[in-house]
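A.B. asks: My structure is below; once you've seen it, I'll send some questions.
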Amino acid sequence: MEFLRSLGHPEEIYNLLRFKMGCRAALSQQERDSMSDSLRTCYKYLKETSRSFAAIIQAQEGELRDAMCIFYLVLRALDTVEDDMTMSLKTKIPILHNFHTYLYQADWRFTDSKDKHRQVLEDFPTISREFRKLPAVCQEVIAGTCQKMGVGMATFLEKRVESLLDFDEYCHYVAGLVGIGLSRLCAAELEDIPVGGDTRLSNSMGLFQQKTNIIRDYLEDQLEGREFWPREVWSKYSKKLSDLAKPENIVPAVQCLNELVTNALQHIPDVLLYLSRLRNQSVFNLAAVPQVMAVATLAACYNNHQVFKGVVKIRRGQMVTLMMDATNIQAVRAIMYQYVNEINQKIPASDPSAGRTQNIVSTIQKLCLSDGPLVSRHGFSLIYLPCAVLLAVLSWQYLSSL
């Protein structure tokens, strides 16, 4: 199916095949053999909960790789508690408040979750065991981030996202803190990473990604009984947030959507500045990939009424191509320019946010061009494309079955 979706994008077919073949060797057999059983299980959970980030995390260096794997799984477990709408607040809030302490309790687990990722809660002792093996500085970063996130998540279970300031605060708790924590981990393990202390830029990295997820997941959140779109915005277009999904409200719904996309785009200048300061290649890849996927997702969502009918997703081939392209700041600038230009071309003249959207798009485009002409993104020659496509056609079904 993903192969068929990319038929009109030949570079995606080529990159899908490269990814399918290459991602299996992210960890060598020697590296796997040297791991404890519990650490191998953690990498298994990492792959099951996020295939794309599994490949990027496994490309990190030395102890940083294991620290990021455990960091991801701990926060995935915490997020699973927040997301599980079958849990009562009486059960959920104390768990969120105390979750950071469970990292030091060898036998703590939670077996009553109905969430799709419940395995990371049911087998939390495996994750916490590997957490306690990490260097002290990594434990401090992960536990501290977990504590702040848990408190923030609990706060917003009983507090609605009313204003844009609330929107930023919620996104800070669930994603900005992740950006700050990852920056601190990188600074602790790699001395040439100069971003560990710049919390404003690290926070913006998280906010940009989280706002994109919240915009994209409107309908899914509505069906699950969650609301994260700020009332300050949606109340200008509807009496109730749920009313935006009604067919008769599609015009104001899309206008509301466009205003929130414009708000998210405001973080891209910080994203570009943050990424421009990174010097380590594997860390750059880890930081850049979520950001380019976010801008591609925003471009797909902008002025798109399908957001209110289902989940708008970028193609897997598109995702893999972005992963493979976003390896330096010049390529990231080219990607950002491409997708904000797509948004610019879709701005309706009658949209209430049109002027603001055009302004931020113009600002981003100027930043992307500030160091000269944009570089070509794709790293393969069209001369070899027919061969690559043929190989993909012949190999795809076989590789998918492995």
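Ordering of the structure tokens sets the chain letters (A, B, ...), residue numbers begin anew at 1 in every chain, and ligands are numbered from 1 in the order given.
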Excluding Tyr45 (chain A) and residues on its chain fewer than 4 positions from it, collect all residues at most 9 Å away from it, counting only C-alpha atoms, and give them as a list in words.

C.D. replies: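 Those residues are Arg40, Thr41, Thr49, Ser50, Leu73, Gln119 and Val120 of chain A.
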
A.B. asks: Keeping only all heavy atoms, write the selected residues to a file as a tab-separated table (two decimals), in the first residue's frame.

C.D. replies:
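Result went into result_37.tsv, see below:
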chain	number	residue	atom	x	y	z
A	40	ARG	N	17.97	-5.64	25.35
A	40	ARG	CA	17.45	-6.08	24.05
A	40	ARG	C	15.94	-5.94	24.00
A	40	ARG	O	15.37	-5.55	22.98
A	40	ARG	CB	17.87	-7.53	23.77
A	40	ARG	CG	19.27	-7.67	23.19
A	40	ARG	CD	19.47	-9.05	22.58
A	40	ARG	NE	19.41	-10.10	23.60
A	40	ARG	CZ	20.46	-10.53	24.28
A	40	ARG	NH1	21.66	-9.99	24.05
A	40	ARG	NH2	20.35	-11.48	25.18
A	41	THR	N	15.29	-6.26	25.11
A	41	THR	CA	13.83	-6.11	25.18
A	41	THR	C	13.44	-4.63	25.03
A	41	THR	O	12.45	-4.31	24.36
A	41	THR	CB	13.30	-6.66	26.51
A	41	THR	OG1	13.61	-8.05	26.60
A	41	THR	CG2	11.79	-6.47	26.62
A	49	THR	N	7.01	0.67	19.28
A	49	THR	CA	6.25	1.88	19.57
A	49	THR	C	6.58	3.03	18.63
A	49	THR	O	5.79	3.97	18.51
A	49	THR	CB	6.48	2.35	21.02
A	49	THR	OG1	7.89	2.48	21.26
A	49	THR	CG2	5.90	1.34	22.01
A	50	SER	N	7.72	2.98	17.95
A	50	SER	CA	8.07	4.03	16.99
A	50	SER	C	9.15	3.53	16.05
A	50	SER	O	10.34	3.64	16.34
A	50	SER	CB	8.56	5.29	17.71
A	50	SER	OG	8.90	6.30	16.77
A	73	LEU	N	11.35	5.36	26.11
A	73	LEU	CA	10.41	4.37	26.65
A	73	LEU	C	9.79	4.84	27.96
A	73	LEU	O	8.60	4.60	28.22
A	73	LEU	CB	11.12	3.04	26.85
A	73	LEU	CG	11.53	2.31	25.57
A	73	LEU	CD1	12.28	1.04	25.90
A	73	LEU	CD2	10.30	1.99	24.71
A	119	GLN	N	2.02	-2.31	26.94
A	119	GLN	CA	3.11	-3.24	27.26
A	119	GLN	C	4.26	-2.55	27.99
A	119	GLN	O	4.92	-3.15	28.83
A	119	GLN	CB	3.63	-3.90	25.99
A	119	GLN	CG	4.56	-5.08	26.25
A	119	GLN	CD	4.83	-5.92	25.01
A	119	GLN	OE1	4.61	-5.47	23.90
A	119	GLN	NE2	5.31	-7.13	25.23
A	120	VAL	N	4.49	-1.26	27.69
A	120	VAL	CA	5.59	-0.56	28.37
A	120	VAL	C	5.25	-0.28	29.83
A	120	VAL	O	6.16	-0.04	30.64
A	120	VAL	CB	5.95	0.76	27.65
A	120	VAL	CG1	6.56	0.48	26.29
A	120	VAL	CG2	4.76	1.70	27.55

A.B. asks: Show me, as number ranges by chain, the residues that have an atom within 10 Å of Glu82 (chain A) when counting only C-alpha atoms, minus same-chain residues fewer than 5 positions from it.

C.D. replies: A: 76-77, 87, 89, 92-93, 95-96, 115, 150, 153-154, 156-157, 174

A.B. asks: Can I get the selection written as a JSON list (two decimals), in the first residue's frame, with all heavy atoms?

C.D. replies:
[["chain", "number", "residue", "atom", "x", "y", "z"],
["A", 76, "ARG", "N", 7.28, 7.34, 26.97],
["A", 76, "ARG", "CA", 6.18, 6.64, 26.31],
["A", 76, "ARG", "C", 5.26, 6.01, 27.35],
["A", 76, "ARG", "O", 4.03, 6.06, 27.23],
["A", 76, "ARG", "CB", 6.73, 5.55, 25.37],
["A", 76, "ARG", "CG", 5.69, 4.56, 24.84],
["A", 76, "ARG", "CD", 4.59, 5.24, 24.06],
["A", 76, "ARG", "NE", 5.06, 5.76, 22.79],
["A", 76, "ARG", "CZ", 4.32, 6.50, 21.97],
["A", 76, "ARG", "NH1", 3.09, 6.82, 22.32],
["A", 76, "ARG", "NH2", 4.81, 6.95, 20.82],
["A", 77, "ALA", "N", 5.84, 5.44, 28.40],
["A", 77, "ALA", "CA", 5.03, 4.86, 29.47],
["A", 77, "ALA", "C", 4.23, 5.94, 30.18],
["A", 77, "ALA", "O", 3.03, 5.76, 30.47],
["A", 77, "ALA", "CB", 5.93, 4.12, 30.45],
["A", 87, "MET", "N", -8.92, 5.03, 32.22],
["A", 87, "MET", "CA", -8.49, 5.19, 33.61],
["A", 87, "MET", "C", -9.20, 6.37, 34.25],
["A", 87, "MET", "O", -9.31, 7.44, 33.65],
["A", 87, "MET", "CB", -6.97, 5.39, 33.69],
["A", 87, "MET", "CG", -6.15, 4.20, 33.24],
["A", 87, "MET", "SD", -4.38, 4.60, 33.16],
["A", 87, "MET", "CE", -4.05, 5.09, 34.85],
["A", 89, "LEU", "N", -9.61, 9.54, 36.85],
["A", 89, "LEU", "CA", -8.68, 10.56, 37.34],
["A", 89, "LEU", "C", -8.15, 10.19, 38.72],
["A", 89, "LEU", "O", -6.99, 10.48, 39.05],
["A", 89, "LEU", "CB", -9.35, 11.93, 37.39],
["A", 89, "LEU", "CG", -9.74, 12.56, 36.04],
["A", 89, "LEU", "CD1", -10.28, 13.97, 36.26],
["A", 89, "LEU", "CD2", -8.55, 12.59, 35.09],
["A", 92, "LYS", "N", -5.37, 7.89, 37.80],
["A", 92, "LYS", "CA", -4.37, 8.44, 36.88],
["A", 92, "LYS", "C", -3.51, 9.52, 37.52],
["A", 92, "LYS", "O", -2.27, 9.52, 37.36],
["A", 92, "LYS", "CB", -5.08, 8.99, 35.64],
["A", 92, "LYS", "CG", -4.14, 9.48, 34.57],
["A", 92, "LYS", "CD", -4.90, 10.02, 33.36],
["A", 92, "LYS", "CE", -5.65, 8.93, 32.63],
["A", 92, "LYS", "NZ", -6.20, 9.42, 31.33],
["A", 93, "ILE", "N", -4.10, 10.46, 38.23],
["A", 93, "ILE", "CA", -3.34, 11.62, 38.73],
["A", 93, "ILE", "C", -2.24, 11.22, 39.71],
["A", 93, "ILE", "O", -1.09, 11.69, 39.58],
["A", 93, "ILE", "CB", -4.31, 12.65, 39.34],
["A", 93, "ILE", "CG1", -5.11, 13.31, 38.21],
["A", 93, "ILE", "CG2", -3.54, 13.72, 40.14],
["A", 93, "ILE", "CD1", -6.15, 14.30, 38.67],
["A", 95, "ILE", "N", -0.60, 8.45, 39.80],
["A", 95, "ILE", "CA", 0.45, 7.79, 39.02],
["A", 95, "ILE", "C", 1.31, 8.82, 38.30],
["A", 95, "ILE", "O", 2.54, 8.72, 38.30],
["A", 95, "ILE", "CB", -0.17, 6.80, 38.00],
["A", 95, "ILE", "CG1", -0.84, 5.63, 38.74],
["A", 95, "ILE", "CG2", 0.89, 6.27, 37.04],
["A", 95, "ILE", "CD1", -1.54, 4.64, 37.82],
["A", 96, "LEU", "N", 0.68, 9.82, 37.70],
["A", 96, "LEU", "CA", 1.44, 10.86, 37.00],
["A", 96, "LEU", "C", 2.34, 11.63, 37.96],
["A", 96, "LEU", "O", 3.50, 11.92, 37.64],
["A", 96, "LEU", "CB", 0.48, 11.83, 36.30],
["A", 96, "LEU", "CG", -0.32, 11.25, 35.11],
["A", 96, "LEU", "CD1", -1.32, 12.28, 34.60],
["A", 96, "LEU", "CD2", 0.62, 10.82, 33.99],
["A", 115, "ASP", "N", -4.60, 0.95, 26.88],
["A", 115, "ASP", "CA", -3.99, 1.68, 25.78],
["A", 115, "ASP", "C", -3.21, 0.73, 24.88],
["A", 115, "ASP", "O", -2.73, -0.32, 25.31],
["A", 115, "ASP", "CB", -3.05, 2.76, 26.34],
["A", 115, "ASP", "CG", -2.55, 3.72, 25.28],
["A", 115, "ASP", "OD1", -3.23, 4.72, 25.04],
["A", 115, "ASP", "OD2", -1.48, 3.46, 24.70],
["A", 150, "GLY", "N", 5.03, 14.74, 34.50],
["A", 150, "GLY", "CA", 3.93, 14.11, 35.21],
["A", 150, "GLY", "C", 3.06, 15.14, 35.92],
["A", 150, "GLY", "O", 1.82, 15.08, 35.86],
["A", 153, "MET", "N", 1.15, 17.14, 33.20],
["A", 153, "MET", "CA", 0.06, 16.35, 32.63],
["A", 153, "MET", "C", -1.12, 16.26, 33.59],
["A", 153, "MET", "O", -2.29, 16.39, 33.19],
["A", 153, "MET", "CB", 0.56, 14.94, 32.30],
["A", 153, "MET", "CG", 1.48, 14.86, 31.10],
["A", 153, "MET", "SD", 2.15, 13.17, 30.91],
["A", 153, "MET", "CE", 2.91, 13.30, 29.29],
["A", 154, "ALA", "N", -0.82, 16.04, 34.85],
["A", 154, "ALA", "CA", -1.89, 15.95, 35.86],
["A", 154, "ALA", "C", -2.65, 17.26, 35.96],
["A", 154, "ALA", "O", -3.88, 17.28, 36.10],
["A", 154, "ALA", "CB", -1.30, 15.55, 37.21],
["A", 156, "PHE", "N", -3.22, 19.44, 33.63],
["A", 156, "PHE", "CA", -4.12, 19.66, 32.48],
["A", 156, "PHE", "C", -5.18, 18.58, 32.33],
["A", 156, "PHE", "O", -6.03, 18.68, 31.44],
["A", 156, "PHE", "CB", -3.30, 19.82, 31.20],
["A", 156, "PHE", "CG", -2.79, 21.23, 31.02],
["A", 156, "PHE", "CD1", -1.55, 21.60, 31.50],
["A", 156, "PHE", "CD2", -3.59, 22.20, 30.42],
["A", 156, "PHE", "CE1", -1.09, 22.90, 31.36],
["A", 156, "PHE", "CE2", -3.15, 23.50, 30.28],
["A", 156, "PHE", "CZ", -1.89, 23.86, 30.74],
["A", 157, "LEU", "N", -5.16, 17.58, 33.19],
["A", 157, "LEU", "CA", -6.31, 16.68, 33.24],
["A", 157, "LEU", "C", -7.50, 17.35, 33.90],
["A", 157, "LEU", "O", -8.65, 16.99, 33.67],
["A", 157, "LEU", "CB", -5.94, 15.40, 34.02],
["A", 157, "LEU", "CG", -5.00, 14.43, 33.31],
["A", 157, "LEU", "CD1", -4.62, 13.29, 34.24],
["A", 157, "LEU", "CD2", -5.65, 13.88, 32.03],
["A", 174, "VAL", "N", 4.40, 18.49, 27.86],
["A", 174, "VAL", "CA", 4.40, 17.18, 27.22],
["A", 174, "VAL", "C", 5.45, 17.03, 26.12],
["A", 174, "VAL", "O", 5.73, 15.92, 25.69],
["A", 174, "VAL", "CB", 3.00, 16.85, 26.64],
["A", 174, "VAL", "CG1", 1.96, 16.83, 27.74],
["A", 174, "VAL", "CG2", 2.60, 17.82, 25.54]]

A.B. asks: Of the candidates A:Arg333, A:Arg65, A:Lys346, A:His172, which shows the shortest atom-to-atom distance to Leu367 (chain A), using only C-alpha atoms?

C.D. replies: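 Of A:Arg333, A:Arg65, A:Lys346, A:His172, the one nearest Leu367 (chain A) is A:Arg333, counting only C-alpha atoms.
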
A.B. asks: Which residues are near Ala326 (chain A)? Cut-off 12 Å, only C-alpha atoms, ignore same chain within fewer than 2 positions. Put them as a PyMOL selection string.

C.D. replies: chain A and resi 56+275+281-293+319-324+328-336+375-379

A.B. asks: If you take only C-alpha atoms and a cut-off of 8 Å, which residues of region 301-339 of chain A touch region 215-228 of chain A, and what are their nearest atom pairs and distances in Å to one decimal, in chain and number order, as a Markdown table?

C.D. replies:
| residue | atom | partner | partner_atom | distance |
| --- | --- | --- | --- | --- |
| A:Cys301 | CA | A:Arg216 | CA | 6.7 |
| A:Val307 | CA | A:Arg216 | CA | 6.4 |
| A:Phe308 | CA | A:Leu219 | CA | 5.8 |
| A:Lys309 | CA | A:Leu219 | CA | 6.8 |
| A:Gly310 | CA | A:Leu219 | CA | 6.1 |
| A:Val311 | CA | A:Asp217 | CA | 6.2 |
| A:Val312 | CA | A:Arg216 | CA | 6.3 |

A.B. asks: Would you please extract all helix (DSSP H, G or I) residues from region 45-217 of chain A, as assigned by DSSP on the backbone, and give them as a VMD selection string?

C.D. replies: chain A and resid 45 to 49 51 to 57 62 to 83 89 to 102 119 to 122 124 to 131 136 to 157 164 to 189 199 to 216

A.B. asks: I'd like the neighbourhood of region 197-212 of chain A as a list in words, where a residue qualifies if any of its atoms comes within 7 Å (using only C-alpha atoms), though same-chain residues fewer than 6 positions away should be ignored.

C.D. replies: Cys171, His172, Ala175, Gly176, Leu177, Val178, Gly179, Ile180, Ser183, Ala264, His267, Asp270, Val271, Tyr274, Pro290, Gln291, Ala294 and Leu298 of chain A

A.B. asks: For a quick check of understanding, using only C-alpha atoms, which of A:Tyr43, A:Tyr302, A:Phe124, A:Tyr72 has the smallest distance to Phe110 (chain A)?

C.D. replies: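 Among the listed residues, the smallest separation from Phe110 (chain A) belongs to A:Phe124.
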
A.B. asks: List the neighbours of Asp107 (chain A) out to 12 Å using only C-alpha atoms; skip same-chain residues closer than 6 positions along the sequence, and give me the result as a PyMOL selection string.

C.D. replies: chain A and resi 101+121-129

A.B. asks: Please, could you write that set of residues out with C-alpha atoms as a compact mmCIF listing (two decimals), in the first residue's frame?

C.D. replies:
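Generated output (again-v6.txt):
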# COMPACT_ATOMS: atom_id res chain seq x y z
CA THR A 101 9.73 7.52 41.70
CA LEU A 121 3.57 -0.23 31.59
CA GLU A 122 3.03 -3.94 32.10
CA ASP A 123 6.76 -4.63 31.68
CA PHE A 124 8.01 -1.41 33.25
CA PRO A 125 10.44 -3.31 35.53
CA THR A 126 12.51 -4.17 32.44
CA ILE A 127 12.70 -0.50 31.44
CA SER A 128 13.41 0.75 34.96
CA ARG A 129 16.15 -1.87 35.41

A.B. asks: From the list A:Gln365, A:Val261, A:Ala349, A:Gly152, which residue is nearest Asn304 (chain A) when using only C-alpha atoms?

C.D. replies: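 Residue with the minimum atom-to-atom distance to Asn304 (chain A): A:Val261.
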
A.B. asks: Hey, what's within 10 Å of Ala143 (chain A) if we count only C-alpha atoms and toss same-chain stuff fewer than 6 positions away? As a list in words, please?

C.D. replies: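 Contacts, in chain order: Phe71, Val74, Leu75, Phe99, His100, Thr101, Tyr102, Leu103, Tyr104, Phe131, Met149 and Gly181 of chain A.
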
A.B. asks: Next, the residues of the selection above should be written as a PDB file, in the first residue's frame with N, CA, C and O atoms.

C.D. replies:
ATOM      1  N   PHE A  71      15.098   6.851  27.730  1.00  0.00           N
ATOM      2  CA  PHE A  71      14.368   8.110  27.864  1.00  0.00           C
ATOM      3  C   PHE A  71      13.056   8.038  27.086  1.00  0.00           C
ATOM      4  O   PHE A  71      11.982   8.384  27.591  1.00  0.00           O
ATOM      5  N   VAL A  74      10.574   5.515  28.809  1.00  0.00           N
ATOM      6  CA  VAL A  74      10.025   6.048  30.062  1.00  0.00           C
ATOM      7  C   VAL A  74       8.926   7.063  29.762  1.00  0.00           C
ATOM      8  O   VAL A  74       7.838   7.027  30.356  1.00  0.00           O
ATOM      9  N   LEU A  75       9.206   7.965  28.824  1.00  0.00           N
ATOM     10  CA  LEU A  75       8.205   8.982  28.498  1.00  0.00           C
ATOM     11  C   LEU A  75       7.033   8.384  27.731  1.00  0.00           C
ATOM     12  O   LEU A  75       5.908   8.865  27.850  1.00  0.00           O
ATOM     13  N   PHE A  99       5.238   9.138  39.072  1.00  0.00           N
ATOM     14  CA  PHE A  99       5.829   8.247  38.081  1.00  0.00           C
ATOM     15  C   PHE A  99       7.353   8.235  38.137  1.00  0.00           C
ATOM     16  O   PHE A  99       7.986   7.190  37.985  1.00  0.00           O
ATOM     17  N   HIS A 100       7.955   9.399  38.393  1.00  0.00           N
ATOM     18  CA  HIS A 100       9.424   9.458  38.421  1.00  0.00           C
ATOM     19  C   HIS A 100      10.011   8.590  39.531  1.00  0.00           C
ATOM     20  O   HIS A 100      11.144   8.124  39.425  1.00  0.00           O
ATOM     21  N   THR A 101       9.229   8.359  40.601  1.00  0.00           N
ATOM     22  CA  THR A 101       9.731   7.524  41.701  1.00  0.00           C
ATOM     23  C   THR A 101       9.713   6.040  41.318  1.00  0.00           C
ATOM     24  O   THR A 101      10.481   5.253  41.878  1.00  0.00           O
ATOM     25  N   TYR A 102       8.852   5.667  40.369  1.00  0.00           N
ATOM     26  CA  TYR A 102       8.768   4.259  39.970  1.00  0.00           C
ATOM     27  C   TYR A 102      10.032   3.812  39.236  1.00  0.00           C
ATOM     28  O   TYR A 102      10.285   2.602  39.119  1.00  0.00           O
ATOM     29  N   LEU A 103      10.814   4.761  38.749  1.00  0.00           N
ATOM     30  CA  LEU A 103      12.065   4.423  38.087  1.00  0.00           C
ATOM     31  C   LEU A 103      13.038   3.735  39.047  1.00  0.00           C
ATOM     32  O   LEU A 103      13.927   2.997  38.619  1.00  0.00           O
ATOM     33  N   TYR A 104      12.852   3.985  40.326  1.00  0.00           N
ATOM     34  CA  TYR A 104      13.738   3.424  41.355  1.00  0.00           C
ATOM     35  C   TYR A 104      13.066   2.302  42.145  1.00  0.00           C
ATOM     36  O   TYR A 104      13.591   1.857  43.149  1.00  0.00           O
ATOM     37  N   PHE A 131      17.187   1.701  33.174  1.00  0.00           N
ATOM     38  CA  PHE A 131      17.340   3.096  33.597  1.00  0.00           C
ATOM     39  C   PHE A 131      18.359   3.206  34.728  1.00  0.00           C
ATOM     40  O   PHE A 131      19.230   4.088  34.718  1.00  0.00           O
ATOM     41  N   MET A 149       7.055  16.560  33.795  1.00  0.00           N
ATOM     42  CA  MET A 149       6.007  16.199  32.840  1.00  0.00           C
ATOM     43  C   MET A 149       4.793  15.610  33.536  1.00  0.00           C
ATOM     44  O   MET A 149       3.654  15.935  33.197  1.00  0.00           O
ATOM     45  N   GLY A 181      15.259  18.064  27.802  1.00  0.00           N
ATOM     46  CA  GLY A 181      15.930  16.883  28.336  1.00  0.00           C
ATOM     47  C   GLY A 181      16.889  16.255  27.335  1.00  0.00           C
ATOM     48  O   GLY A 181      18.007  15.876  27.688  1.00  0.00           O
TER      49      GLY A 181
END

A.B. asks: Between A:Thr327, A:Asn249, A:Gln266, A:Asn258, which is the closest to Ala300 (chain A) once you count only C-alpha atoms?

C.D. replies: A:Asn258

A.B. asks: So, with only C-alpha atoms as the atoms that count, which of A:Leu272, A:Leu165, A:Leu185, A:Val151 lies closest to Asp66 (chain A)?

C.D. replies: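 Answer, going by the shortest atom-to-atom distance: A:Leu185.
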
A.B. asks: So which one's closest to Pro94 (chain A), A:Thr155, A:Ala106, A:Cys69, A:Glu48? Using only C-alpha atoms, please.

C.D. replies: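 Among A:Thr155, A:Ala106, A:Cys69, A:Glu48, it is A:Thr155 that comes nearest to Pro94 (chain A).
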
A.B. asks: So how far away is CA of Ser163 (chain A) from CA of Pro230 (chain A), in Å?

C.D. replies: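 CA of Pro230 (chain A) sits 5.5 Å away from CA of Ser163 (chain A).
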